[in-house]
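Next comes coords-v9.cif, a file with mmCIF, C-alpha atoms and all ligand atoms.
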```cif
data_final
loop_
_atom_site.label_atom_id
_atom_site.label_comp_id
_atom_site.auth_asym_id
_atom_site.auth_seq_id
_atom_site.Cartn_x
_atom_site.Cartn_y
_atom_site.Cartn_z
CA MET Z 1 19.87 -8.61 6.01
CA ALA Z 2 17.02 -6.08 5.90
CA THR Z 3 13.68 -7.25 4.49
CA TYR Z 4 11.97 -5.04 1.91
CA ILE Z 5 8.58 -6.07 0.55
CA VAL Z 6 6.29 -4.31 -1.93
CA LEU Z 7 2.58 -5.04 -1.63
CA LEU Z 8 0.70 -4.60 -4.93
CA GLY Z 9 -3.06 -4.47 -5.56
CA GLY Z 10 -5.73 -2.11 -6.86
CA PRO Z 11 -7.45 0.54 -4.72
CA GLY Z 12 -9.73 -1.35 -2.32
CA ALA Z 13 -7.88 -4.68 -2.68
CA GLY Z 14 -7.21 -4.71 1.06
CA LYS Z 15 -3.57 -3.61 0.84
CA GLY Z 16 -3.74 -1.29 3.85
CA THR Z 17 -5.47 -3.82 6.11
CA GLN Z 18 -3.13 -6.64 5.09
CA ALA Z 19 -0.02 -4.46 5.21
CA LYS Z 20 -0.71 -3.58 8.85
CA MET Z 21 -1.03 -7.25 9.83
CA LEU Z 22 1.93 -8.42 7.78
CA ALA Z 23 4.25 -5.66 8.98
CA GLN Z 24 3.39 -6.53 12.57
CA GLU Z 25 4.03 -10.24 11.99
CA LEU Z 26 7.39 -9.55 10.37
CA GLY Z 27 8.49 -6.84 12.80
CA ILE Z 28 9.12 -4.23 10.11
CA PRO Z 29 7.32 -0.88 9.67
CA GLN Z 30 4.50 -0.40 7.18
CA VAL Z 31 5.46 2.47 4.91
CA SER Z 32 2.34 3.78 3.18
CA THR Z 33 2.91 6.72 0.83
CA GLY Z 34 -0.83 7.51 1.00
CA ASP Z 35 -0.56 7.82 4.81
CA LEU Z 36 2.63 9.90 4.51
CA PHE Z 37 0.91 12.29 2.09
CA ARG Z 38 -2.11 12.51 4.43
CA GLU Z 39 0.22 13.38 7.33
CA HIS Z 40 1.72 16.18 5.23
CA LEU Z 41 -1.78 17.32 4.32
CA SER Z 42 -2.95 17.56 7.91
CA GLY Z 43 0.35 19.22 8.94
CA ASN Z 44 -0.20 21.73 6.10
CA THR Z 45 3.44 21.35 4.93
CA GLU Z 46 4.67 22.51 1.50
CA LEU Z 47 4.64 18.89 0.35
CA GLY Z 48 1.09 18.49 1.67
CA LYS Z 49 -0.07 21.55 -0.28
CA LEU Z 50 1.53 20.21 -3.45
CA ALA Z 51 0.05 16.72 -2.99
CA LYS Z 52 -3.50 17.88 -2.17
CA GLY Z 53 -4.58 18.73 -5.73
CA TYR Z 54 -3.38 15.39 -7.08
CA MET Z 55 -4.99 13.46 -4.23
CA ASP Z 56 -8.35 15.23 -4.54
CA ARG Z 57 -8.45 14.34 -8.24
CA GLY Z 58 -7.34 10.73 -7.69
CA GLU Z 59 -4.17 11.42 -9.72
CA LEU Z 60 -0.62 10.43 -8.77
CA VAL Z 61 1.77 12.85 -7.10
CA PRO Z 62 4.87 13.21 -9.38
CA ASP Z 63 7.43 10.41 -9.14
CA GLN Z 64 10.42 12.48 -8.00
CA VAL Z 65 8.52 14.04 -5.09
CA THR Z 66 7.22 10.62 -4.02
CA VAL Z 67 10.58 8.85 -4.27
CA ASP Z 68 12.28 11.66 -2.27
CA MET Z 69 9.63 11.32 0.46
CA VAL Z 70 10.27 7.54 0.64
CA ARG Z 71 14.05 8.13 0.77
CA GLU Z 72 13.53 10.35 3.82
CA ARG Z 73 11.25 7.78 5.42
CA PHE Z 74 13.85 5.01 4.89
CA ASP Z 75 16.39 7.12 6.81
CA ARG Z 76 14.36 6.93 10.02
CA PRO Z 77 15.75 4.39 12.50
CA ASP Z 78 12.71 2.10 12.47
CA CYS Z 79 13.52 1.16 8.85
CA ALA Z 80 16.92 -0.31 9.81
CA ASN Z 81 15.58 -3.85 9.29
CA GLY Z 82 13.58 -3.08 6.17
CA ALA Z 83 10.02 -2.01 5.41
CA LEU Z 84 6.73 -3.18 4.02
CA LEU Z 85 5.81 -0.80 1.22
CA ASP Z 86 2.10 -0.15 0.79
CA GLY Z 87 0.96 1.99 -2.15
CA PHE Z 88 4.51 2.49 -3.43
CA PRO Z 89 5.79 2.12 -6.10
CA ARG Z 90 2.82 3.05 -8.29
CA THR Z 91 4.63 3.66 -11.60
CA VAL Z 92 7.56 2.06 -13.41
CA GLY Z 93 9.52 5.29 -12.73
CA GLN Z 94 8.95 4.87 -8.99
CA ALA Z 95 9.94 1.19 -9.21
CA GLN Z 96 13.23 2.29 -10.79
CA GLY Z 97 13.64 4.93 -8.07
CA LEU Z 98 13.05 2.26 -5.41
CA ALA Z 99 15.59 -0.08 -7.03
CA GLU Z 100 18.17 2.74 -6.81
CA LEU Z 101 17.31 3.52 -3.18
CA LEU Z 102 17.76 -0.14 -2.25
CA GLU Z 103 20.97 -0.46 -4.24
CA GLU Z 104 22.43 2.48 -2.27
CA LYS Z 105 21.68 0.48 0.89
CA GLY Z 106 23.08 -2.78 -0.52
CA ALA Z 107 19.60 -4.25 -0.11
CA GLU Z 108 17.09 -5.80 -2.48
CA LEU Z 109 13.40 -6.66 -2.60
CA ALA Z 110 12.54 -10.01 -1.02
CA VAL Z 111 9.12 -10.57 -2.58
CA VAL Z 112 6.21 -8.69 -4.18
CA PRO Z 113 2.82 -10.11 -3.18
CA TYR Z 114 0.03 -9.03 -5.53
CA ILE Z 115 -3.47 -9.08 -4.06
CA ASN Z 116 -5.65 -9.71 -7.08
CA ALA Z 117 -9.38 -8.84 -7.18
CA ASP Z 118 -11.83 -7.98 -9.96
CA SER Z 119 -12.38 -4.23 -10.52
CA GLU Z 120 -16.14 -4.53 -9.79
CA VAL Z 121 -15.32 -6.06 -6.41
CA LEU Z 122 -12.82 -3.26 -5.75
CA LEU Z 123 -15.33 -0.49 -6.51
CA ARG Z 124 -17.93 -2.09 -4.21
CA ARG Z 125 -15.42 -2.28 -1.39
CA LEU Z 126 -14.16 1.29 -1.79
CA ALA Z 127 -17.68 2.66 -1.46
CA GLY Z 128 -18.19 1.74 2.21
CA ARG Z 129 -14.73 2.30 3.63
CA TRP Z 130 -14.29 3.89 7.08
CA THR Z 131 -10.96 4.56 8.82
CA CYS Z 132 -10.13 5.39 12.46
CA ARG Z 133 -8.67 8.86 12.84
CA GLN Z 134 -6.69 7.75 15.88
CA CYS Z 135 -5.19 4.31 15.14
CA GLY Z 136 -5.80 3.86 11.39
CA ALA Z 137 -7.92 0.68 11.81
CA MET Z 138 -10.21 0.09 8.84
CA TYR Z 139 -13.85 -0.92 8.63
CA HIS Z 140 -16.38 -1.51 5.91
CA ALA Z 141 -20.05 -0.58 6.19
CA ILE Z 142 -21.12 -3.97 4.76
CA PHE Z 143 -18.16 -6.36 4.83
CA GLY Z 144 -16.71 -5.49 8.25
CA PRO Z 145 -18.59 -2.81 10.22
CA SER Z 146 -17.50 -1.51 13.63
CA ARG Z 147 -19.65 -2.65 16.57
CA LYS Z 148 -20.82 0.91 17.19
CA ALA Z 149 -21.38 3.17 14.17
CA GLY Z 150 -18.66 5.81 13.82
CA VAL Z 151 -16.54 4.48 16.71
CA CYS Z 152 -13.37 2.34 16.45
CA ASP Z 153 -13.64 -1.11 18.12
CA GLN Z 154 -9.95 -1.09 18.93
CA CYS Z 155 -9.29 2.32 20.45
CA GLY Z 156 -12.65 4.14 20.64
CA GLY Z 157 -11.41 6.75 18.12
CA GLU Z 158 -13.65 8.53 15.63
CA LEU Z 159 -14.22 6.85 12.24
CA TYR Z 160 -14.18 8.95 9.07
CA GLN Z 161 -14.54 8.48 5.32
CA ARG Z 162 -11.61 9.63 3.25
CA GLU Z 163 -12.25 12.77 1.20
CA ASP Z 164 -10.84 11.05 -1.87
CA ASP Z 165 -13.36 8.19 -1.50
CA THR Z 166 -16.02 10.00 -3.59
CA PRO Z 167 -17.43 8.00 -6.55
CA GLU Z 168 -15.68 10.18 -9.19
CA THR Z 169 -12.32 10.01 -7.46
CA GLN Z 170 -12.69 6.28 -6.95
CA ARG Z 171 -13.29 5.77 -10.67
CA ARG Z 172 -10.32 7.95 -11.56
CA ARG Z 173 -8.08 6.11 -9.10
CA MET Z 174 -9.11 2.83 -10.70
CA GLU Z 175 -8.22 4.16 -14.18
CA VAL Z 176 -4.90 5.53 -12.95
CA TYR Z 177 -4.22 2.15 -11.37
CA SER Z 178 -4.86 0.23 -14.63
CA GLU Z 179 -2.85 2.68 -16.72
CA GLN Z 180 0.12 3.41 -14.50
CA THR Z 181 0.36 0.84 -11.70
CA ALA Z 182 -0.85 -2.43 -13.25
CA PRO Z 183 2.25 -2.58 -15.52
CA LEU Z 184 4.25 -3.21 -12.33
CA ILE Z 185 2.66 -6.67 -12.07
CA GLU Z 186 4.46 -7.68 -15.26
CA TRP Z 187 7.60 -5.77 -14.23
CA TYR Z 188 8.01 -7.63 -10.94
CA TRP Z 189 6.84 -10.93 -12.45
CA SER Z 190 9.66 -10.72 -15.00
CA LYS Z 191 12.10 -10.28 -12.12
CA GLY Z 192 10.80 -13.45 -10.44
CA LEU Z 193 9.51 -11.51 -7.41
CA LEU Z 194 5.73 -11.64 -7.88
CA VAL Z 195 3.47 -13.92 -5.84
CA GLU Z 196 -0.25 -13.72 -6.65
CA ILE Z 197 -2.78 -13.89 -3.82
CA ASP Z 198 -6.53 -14.29 -4.40
CA GLY Z 199 -7.95 -11.05 -2.97
CA GLU Z 200 -11.61 -12.09 -3.24
CA GLN Z 201 -11.37 -14.35 -0.17
CA THR Z 202 -12.15 -13.21 3.38
CA ILE Z 203 -9.67 -10.90 5.13
CA GLU Z 204 -8.45 -13.83 7.26
CA GLN Z 205 -7.95 -16.15 4.26
CA VAL Z 206 -6.02 -13.45 2.39
CA ARG Z 207 -3.91 -12.83 5.49
CA ASP Z 208 -3.06 -16.54 5.91
CA GLU Z 209 -2.21 -17.04 2.23
CA LEU Z 210 -0.15 -13.86 2.18
CA LEU Z 211 1.79 -14.71 5.30
CA ALA Z 212 2.50 -18.27 4.12
CA ALA Z 213 3.69 -17.02 0.71
CA VAL Z 214 5.95 -14.37 2.22
CA ARG Z 215 7.44 -16.73 4.83
CA ASP Z 216 8.09 -19.26 2.08
CA ARG Z 217 9.97 -16.73 -0.02
CA LEU Z 218 11.92 -15.36 2.91
CA SER Z 219 13.09 -18.79 4.03
CA ALA Z 220 14.01 -19.74 0.43
CA GLY Z 221 16.04 -16.53 0.20
CA LEU Z 222 17.73 -17.31 3.49
CA GLU Z 223 18.66 -20.83 2.31
CA ARG Z 224 20.12 -19.39 -0.88
CA SER Z 225 22.24 -16.88 1.00
CA VAL Z 226 23.52 -19.59 3.43
CA ALA Z 227 24.29 -21.95 0.54
CA GLY Z 228 25.93 -19.23 -1.57
P1 LIG I 1 -3.68 5.67 -1.03
O1 LIG I 1 -3.96 5.94 0.41
O2 LIG I 1 -2.51 4.74 -1.19
O3 LIG I 1 -4.87 5.22 -1.80
O4 LIG I 1 -3.22 7.06 -1.67
C1 LIG I 1 -4.06 8.20 -1.71
C2 LIG I 1 -3.55 9.19 -2.75
O5 LIG I 1 -2.22 9.62 -2.40
C3 LIG I 1 -3.42 8.64 -4.17
O6 LIG I 1 -4.65 8.68 -4.87
C4 LIG I 1 -2.37 9.57 -4.75
O7 LIG I 1 -2.92 10.84 -5.07
C5 LIG I 1 -1.43 9.78 -3.58
N1 LIG I 1 -0.36 8.73 -3.57
C6 LIG I 1 -0.19 7.75 -2.64
N2 LIG I 1 0.87 6.98 -2.93
C7 LIG I 1 1.38 7.48 -4.08
C8 LIG I 1 2.47 7.11 -4.92
N3 LIG I 1 3.25 6.06 -4.65
N4 LIG I 1 2.71 7.88 -6.02
C9 LIG I 1 1.95 8.94 -6.33
N5 LIG I 1 0.89 9.33 -5.60
C10 LIG I 1 0.60 8.61 -4.49
#
```
Would you mind writing the file out in structure tokens?
Ligand code: AMP
Amino acid sequence: MATYIVLLGGPGAGKGTQAKMLAQELGIPQVSTGDLFREHLSGNTELGKLAKGYMDRGELVPDQVTVDMVRERFDRPDCANGALLDGFPRTVGQAQGLAELLEEKGAELAVVPYINADSEVLLRRLAGRWTCRQCGAMYHAIFGPSRKAGVCDQCGGELYQREDDTPETQRRRMEVYSEQTAPLIEWYWSKGLLVEIDGEQTIEQVRDELLAAVRDRLSAGLERSVAG
């Protein structure tokens, strides 16, 4: 049975960092719609051109376009055993689109961890974020700097700050999150899938709590399917 997990949390909650670690632990790919859009942007594809305006403003790319991009991603062979979704879904419409995609595959979501942190904490974290151009590793100027400024500890690649990490875009992304994405917390809670993780702990503490919660849910699901 393939394992599909949605990771929820506001911008700056540590989703990307945690998704990388969790996906590696579980042996499934991390599917980040933000990364997929950025790939299209740097490849200058039609989809990249369409997404750019929305991304620069901190707005969401329309649901249909986003769901179609995820459908294509799911068709690649590395998703045969499932995927860890990072930054998708971001609206109730996308959540419905995802439910349909999974139904077509005869699969369902295993668990939805929600990394919860106060919006003030999120804004502080977003401000100092640096990412490696080569391997995608993430650093923070104050909370987790690289050993050498501008250089990735892991692969020696160049670190850069995302263009959409300007103060105005950050604020807009936070508003868009509260208006359009936060309702998903309730949506998945009502389906019994939500597990809340305290996102104001250290990266390692969040990772441990997240991994324990996910393993717990996966083994409970496995027991149910054996018993049933
Ligand atoms: P992220 O890297 O997840 O913060 O995404 C960066 C930007 O890509 C967002 O501000 C949106 O403009 C766009 N984006 C990423 N994921 C989605 C999504 N699921 N739906 C709509 N737009 C998205």
- request: Please provide as a list in words all residues within 6 Å of stretch 105-119 of chain Z, with the sequence filter that same-chain residues fewer than 2 positions apart are discarded (counting all atoms listed in the file).
  value: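 These residues fall inside the cut-off: Tyr4, Ile5, Val6, Leu7, Leu8, Gly9, Leu102, Glu103, Val121, Leu122, Leu193, Leu194, Val195, Glu196, Ile197, Asp198, Gly199 and Glu200 of chain Z.
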task: Around ligand LIG 1 (chain I), at most 10 Å away and counting only C-alpha atoms and all ligand atoms, which residues are there? Put them as a PyMOL selection string, please.
output: chain Z and resi 10-12+15-16+32-38+51-67+69-70+85-91+93-95+162-165+169-170+172-174+176-177+180-181
- prompt: At what distance in Å, to one decimal, does atom CA of Z:Ala149 lie from atom CA of Z:Trp130?
  reply: 10.1 Å
Distance query Z:Asp78 at most 7 Å, all atoms listed in the file, self and fewer than 2 positions along chain excluded, as JSON, numbers by chain: {"Z": [29, 76, 80]}
message: Please report the interatomic distance between atom CA of Z:Pro183 and atom CA of Z:Arg171 in Å with one decimal.
response: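 Atom-to-atom, atom CA of Z:Pro183 and atom CA of Z:Arg171 are spaced 18.3 Å apart.
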Stretch 152-168 of chain Z dumped to file, all heavy atoms, as a compact mmCIF listing (two decimals), in the first residue's frame:
```txt
# COMPACT_ATOMS: atom_id res chain seq x y z
N CYS Z 152 27.14 26.27 1.20
CA CYS Z 152 26.43 25.15 1.81
C CYS Z 152 27.40 24.21 2.55
O CYS Z 152 28.41 23.81 1.98
CB CYS Z 152 25.68 24.38 0.73
SG CYS Z 152 24.80 22.94 1.36
N ASP Z 153 27.07 23.86 3.81
CA ASP Z 153 27.90 22.94 4.60
C ASP Z 153 27.94 21.57 3.96
O ASP Z 153 28.92 20.84 4.07
CB ASP Z 153 27.32 22.75 6.02
CG ASP Z 153 27.47 24.00 6.86
OD1 ASP Z 153 28.18 24.92 6.44
OD2 ASP Z 153 26.85 24.04 7.95
N GLN Z 154 26.80 21.19 3.33
CA GLN Z 154 26.68 19.81 2.87
C GLN Z 154 27.34 19.54 1.53
O GLN Z 154 27.92 18.48 1.32
CB GLN Z 154 25.21 19.41 2.82
CG GLN Z 154 24.64 19.32 4.23
CD GLN Z 154 23.16 19.03 4.24
OE1 GLN Z 154 22.64 18.42 3.33
NE2 GLN Z 154 22.49 19.49 5.28
N CYS Z 155 27.22 20.51 0.59
CA CYS Z 155 27.74 20.21 -0.75
C CYS Z 155 28.65 21.32 -1.31
O CYS Z 155 29.13 21.22 -2.43
CB CYS Z 155 26.59 19.94 -1.72
SG CYS Z 155 25.72 21.42 -2.18
N GLY Z 156 28.83 22.40 -0.54
CA GLY Z 156 29.69 23.48 -1.00
C GLY Z 156 29.01 24.40 -2.02
O GLY Z 156 29.64 25.30 -2.57
N GLY Z 157 27.71 24.14 -2.28
CA GLY Z 157 26.97 24.96 -3.26
C GLY Z 157 26.75 26.39 -2.76
O GLY Z 157 26.98 26.70 -1.58
N GLU Z 158 26.27 27.23 -3.69
CA GLU Z 158 26.05 28.64 -3.35
C GLU Z 158 24.69 28.81 -2.64
O GLU Z 158 23.69 28.22 -3.07
CB GLU Z 158 26.06 29.44 -4.66
CG GLU Z 158 25.81 30.92 -4.49
CD GLU Z 158 25.27 31.57 -5.77
OE1 GLU Z 158 25.14 30.87 -6.80
OE2 GLU Z 158 24.96 32.76 -5.73
N LEU Z 159 24.66 29.60 -1.57
CA LEU Z 159 23.39 29.86 -0.88
C LEU Z 159 22.76 31.13 -1.44
O LEU Z 159 23.45 32.08 -1.76
CB LEU Z 159 23.62 30.04 0.62
CG LEU Z 159 24.29 28.88 1.34
CD1 LEU Z 159 24.36 29.17 2.85
CD2 LEU Z 159 23.55 27.56 1.10
N TYR Z 160 21.42 31.10 -1.56
CA TYR Z 160 20.72 32.30 -2.05
C TYR Z 160 19.46 32.54 -1.24
O TYR Z 160 18.95 31.63 -0.58
CB TYR Z 160 20.39 32.14 -3.54
CG TYR Z 160 19.21 31.21 -3.81
CD1 TYR Z 160 17.98 31.72 -4.20
CD2 TYR Z 160 19.33 29.84 -3.66
CE1 TYR Z 160 16.90 30.88 -4.44
CE2 TYR Z 160 18.27 29.00 -3.89
CZ TYR Z 160 17.05 29.52 -4.28
OH TYR Z 160 15.98 28.69 -4.50
N GLN Z 161 18.96 33.78 -1.29
CA GLN Z 161 17.69 34.11 -0.65
C GLN Z 161 16.62 34.15 -1.72
O GLN Z 161 16.82 34.75 -2.78
CB GLN Z 161 17.77 35.46 0.06
CG GLN Z 161 18.47 35.33 1.41
CD GLN Z 161 18.10 36.45 2.36
OE1 GLN Z 161 18.39 37.60 2.05
NE2 GLN Z 161 17.47 36.14 3.48
N ARG Z 162 15.50 33.48 -1.43
CA ARG Z 162 14.43 33.43 -2.42
C ARG Z 162 13.91 34.82 -2.76
O ARG Z 162 13.77 35.66 -1.89
CB ARG Z 162 13.29 32.57 -1.88
CG ARG Z 162 13.55 31.11 -2.08
CD ARG Z 162 12.57 30.27 -1.36
NE ARG Z 162 11.20 30.76 -1.46
CZ ARG Z 162 10.16 30.06 -1.05
NH1 ARG Z 162 10.33 28.87 -0.53
NH2 ARG Z 162 8.95 30.54 -1.15
N GLU Z 163 13.61 35.02 -4.05
CA GLU Z 163 13.10 36.34 -4.48
C GLU Z 163 11.79 36.68 -3.79
O GLU Z 163 11.48 37.84 -3.57
CB GLU Z 163 12.86 36.33 -5.99
CG GLU Z 163 14.09 36.73 -6.77
CD GLU Z 163 13.82 36.66 -8.26
OE1 GLU Z 163 12.69 37.01 -8.67
OE2 GLU Z 163 14.73 36.25 -8.99
N ASP Z 164 10.98 35.61 -3.49
CA ASP Z 164 9.69 35.91 -2.86
C ASP Z 164 9.82 35.97 -1.34
O ASP Z 164 8.85 35.93 -0.64
CB ASP Z 164 8.61 34.91 -3.30
CG ASP Z 164 8.92 33.47 -2.92
OD1 ASP Z 164 10.04 33.22 -2.44
OD2 ASP Z 164 8.03 32.63 -3.09
N ASP Z 165 11.04 36.10 -0.82
CA ASP Z 165 11.23 36.28 0.62
C ASP Z 165 11.41 37.76 1.00
O ASP Z 165 12.08 38.09 1.96
CB ASP Z 165 12.43 35.45 1.13
CG ASP Z 165 11.98 34.09 1.66
OD1 ASP Z 165 10.75 33.90 1.82
OD2 ASP Z 165 12.82 33.22 1.91
N THR Z 166 10.83 38.68 0.21
CA THR Z 166 10.87 40.10 0.60
C THR Z 166 9.82 40.34 1.68
O THR Z 166 8.84 39.59 1.74
CB THR Z 166 10.56 41.02 -0.60
OG1 THR Z 166 9.22 40.73 -1.00
CG2 THR Z 166 11.49 40.79 -1.76
N PRO Z 167 9.99 41.39 2.51
CA PRO Z 167 9.02 41.60 3.61
C PRO Z 167 7.56 41.70 3.13
O PRO Z 167 6.67 41.12 3.75
CB PRO Z 167 9.48 42.93 4.23
CG PRO Z 167 10.93 43.01 3.90
CD PRO Z 167 11.11 42.32 2.58
N GLU Z 168 7.31 42.40 2.00
CA GLU Z 168 5.91 42.55 1.54
C GLU Z 168 5.34 41.19 1.13
O GLU Z 168 4.22 40.86 1.46
CB GLU Z 168 5.77 43.48 0.32
CG GLU Z 168 6.31 44.88 0.48
CD GLU Z 168 7.77 44.94 0.12
OE1 GLU Z 168 8.04 45.14 -1.06
OE2 GLU Z 168 8.63 44.79 1.00
```
